[in-house]
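Chemist: I'd like to ask you about the structure that follows.
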Amino acid sequence: MRAPRPLPAPPPPARGPTGPQDTPLATARALFDVRLWGSITAVKYAAPRIRRSGSITLTTGTIGIRPAPGRALAAASASAVEGLVRGLAVELAPIRVNAIRSGTIRTPMWNGIPEPQRSDLFTTLARNTLTGTIGEPDQIAAAHLHLIQNSFITGTTLTVDGGLLLS
């Protein structure tokens, strides 16, 4: 298996948010390479090694349900993973296949944003949730463990977003 290619930087918006019409195809493909094709590759190599009572849990995001301006391709790639989960649950049964749909989680992914702006961004994003908070990695890990341990859940995408989709 070859190492994933780094995600190309999106083009700077010239007139507000850009959409697929303004995005180079290489950038669009890279979004799907990471989220969708990364999931497909992981399942391809993991599924034959998982016992029949086992579980696969993928990760997606709230962008698939609540798209933001200029993020249609990210929404499409997240939604594609959710469709993949349902299809794989049917095809791989009795192996269970589920996904976690996370909201904003405080991870090193955000470290490219300088601290004063990152703190302001987290404050703004937290205001958009019902809990008034940003998620932490241990909360996502606990959700993954729940789906792995509960043998009666399959084909499900569990939202862990502090109530973002309801706000």
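Every chain in the structure tokens takes a letter, A first, then B, and so on in the order presented; its residues are numbered from 1, and the ligands are numbered from 1 following the presented order.
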Can you tell me, as a CSV table (one decimal) with N, CA and C atoms, in the first residue's frame, what residues are no more than 7 Å from stretch 58-60 of chain A when counting only C-alpha atoms, ignoring any on the same chain fewer than 3 positions away?
Modeler:
chain,number,residue,atom,x,y,z
A,39,SER,N,-10.9,5.2,3.3
A,39,SER,CA,-11.8,4.3,4.0
A,39,SER,C,-11.9,3.0,3.2
A,78,ALA,N,-17.9,13.3,2.5
A,78,ALA,CA,-18.4,12.8,3.8
A,78,ALA,C,-19.6,11.9,3.6
A,81,VAL,N,-18.9,8.4,2.4
A,81,VAL,CA,-18.5,7.5,3.4
A,81,VAL,C,-19.7,6.9,4.1
A,98,ASN,N,-19.9,0.5,10.9
A,98,ASN,CA,-20.5,1.7,11.4
A,98,ASN,C,-19.6,2.9,11.1
A,99,ALA,N,-20.1,4.1,11.5
A,99,ALA,CA,-19.3,5.3,11.4
A,99,ALA,C,-19.6,6.3,12.5
A,100,ILE,N,-18.6,7.1,12.8
A,100,ILE,CA,-18.8,8.2,13.7
A,100,ILE,C,-18.8,9.5,12.8
A,101,ARG,N,-19.9,10.3,13.0
A,101,ARG,CA,-20.0,11.6,12.3
A,101,ARG,C,-19.6,12.6,13.3
A,102,SER,N,-18.4,13.2,13.3
A,102,SER,CA,-18.0,14.1,14.3
A,102,SER,C,-18.2,15.5,13.9
Chemist: Find the residues around A:Ile140 up to 9 Å (only C-alpha atoms counted), leave out those fewer than 2 positions away in its own chain, and share them as a list in words.
Modeler: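 Within the cut-off, the hits are Ile100, Ser102, Ile105, Gly135, Glu136, Pro137, Asp138, Ala142, Ala143, His144, Leu145 and Val160 of chain A.
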Chemist: Those selected residues, please, written with N, CA and C atoms and delivered as a tab-separated table (two decimals), in the first residue's frame.
Modeler:
chain	number	residue	atom	x	y	z
A	100	ILE	N	-18.62	7.09	12.79
A	100	ILE	CA	-18.80	8.23	13.68
A	100	ILE	C	-18.81	9.48	12.81
A	102	SER	N	-18.41	13.15	13.29
A	102	SER	CA	-18.00	14.08	14.34
A	102	SER	C	-18.19	15.54	13.92
A	105	ILE	N	-13.57	18.88	16.54
A	105	ILE	CA	-12.83	18.21	17.61
A	105	ILE	C	-11.48	18.89	17.76
A	135	GLY	N	-15.58	19.46	20.78
A	135	GLY	CA	-15.31	18.09	21.20
A	135	GLY	C	-13.84	17.83	21.47
A	136	GLU	N	-13.61	16.80	22.27
A	136	GLU	CA	-12.25	16.38	22.60
A	136	GLU	C	-12.02	14.98	22.03
A	137	PRO	N	-10.78	14.64	21.71
A	137	PRO	CA	-10.48	13.32	21.12
A	137	PRO	C	-11.00	12.14	21.95
A	138	ASP	N	-10.94	12.24	23.28
A	138	ASP	CA	-11.40	11.11	24.11
A	138	ASP	C	-12.91	10.88	23.97
A	142	ALA	N	-14.44	7.34	22.76
A	142	ALA	CA	-15.49	6.64	23.52
A	142	ALA	C	-16.65	6.24	22.60
A	143	ALA	N	-16.99	7.10	21.65
A	143	ALA	CA	-18.05	6.77	20.70
A	143	ALA	C	-17.64	5.59	19.81
A	144	HIS	N	-16.39	5.58	19.37
A	144	HIS	CA	-15.89	4.46	18.58
A	144	HIS	C	-15.98	3.16	19.39
A	145	LEU	N	-15.56	3.22	20.65
A	145	LEU	CA	-15.62	2.02	21.50
A	145	LEU	C	-17.06	1.54	21.67
A	160	VAL	N	-21.67	12.69	16.79
A	160	VAL	CA	-21.06	13.14	18.04
A	160	VAL	C	-20.58	14.57	17.77
Chemist: When distances are computed from only C-alpha atoms, which of A:Phe32, A:Trp110, A:Phe122, A:Phe152 shows the smallest separation from A:Ser77?
Modeler: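 For A:Ser77, the nearest of the given residues is A:Phe32.
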Chemist: Going by DSSP on the backbone, which residues of chain A come out as alpha helix (DSSP H)? List them as a PyMOL selection string.
Modeler: chain A and resi 25-32+38-46+72-92+115-127+137-149
Chemist: From the options A:Ser53, A:Pro108, A:Ile63, A:Arg127, which residue's atoms come nearest to A:Thr154, counting only C-alpha atoms?
Modeler: A:Ser53
Chemist: In Å, with one decimal, what is the gap from atom CA of A:Leu36 to atom CA of A:Ala80?
Modeler: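 Pair atom CA of A:Leu36 / atom CA of A:Ala80 returns 6.6 Å.
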Chemist: Enumerate, as a ChimeraX atom specification, the complete set of residues in chain A that a backbone-based DSSP assignment places in strand (DSSP E).
Modeler: /A:55-61,96-102,157-160
Chemist: Select, from A:Arg71, A:Arg118, A:Arg66, A:Arg52, the residue with the minimum atom-to-atom distance to A:Pro20, counting only C-alpha atoms.
Modeler: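 For A:Pro20, the nearest of the given residues is A:Arg71.
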Chemist: Could you name the residues that touch A:Gly132 at 9 Å or less, counting only C-alpha atoms, but leaving out those on the same chain fewer than 3 positions away, as a PyMOL selection string?
Modeler: chain A and resi 123+125-129+162-163
Chemist: One decimal, in Å: what's the spacing between atom CA of A:Gly19 and atom CA of A:Leu73?
Modeler: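 Computed distance, atom CA of A:Gly19 to atom CA of A:Leu73, equals 7.7 Å.
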Chemist: Restricting the calculation to only C-alpha atoms: of A:Ser55, A:Ala42, A:Gly103, A:Pro24, which residue gets closest to A:His146?
Modeler: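 Of A:Ser55, A:Ala42, A:Gly103, A:Pro24, the one nearest A:His146, counting only C-alpha atoms, is A:Ser55.
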Chemist: Pick out the closest residue to A:Val43 from this set: A:Asp22, A:Glu115, A:Asp161, A:Glu91. Count only C-alpha atoms.
Modeler: A:Glu91
Chemist: Distance atom CA of A:Thr104-atom CA of A:Ile153, one decimal place?
Modeler: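 One can read the atom CA of A:Thr104 to atom CA of A:Ile153 distance as 24.2 Å.
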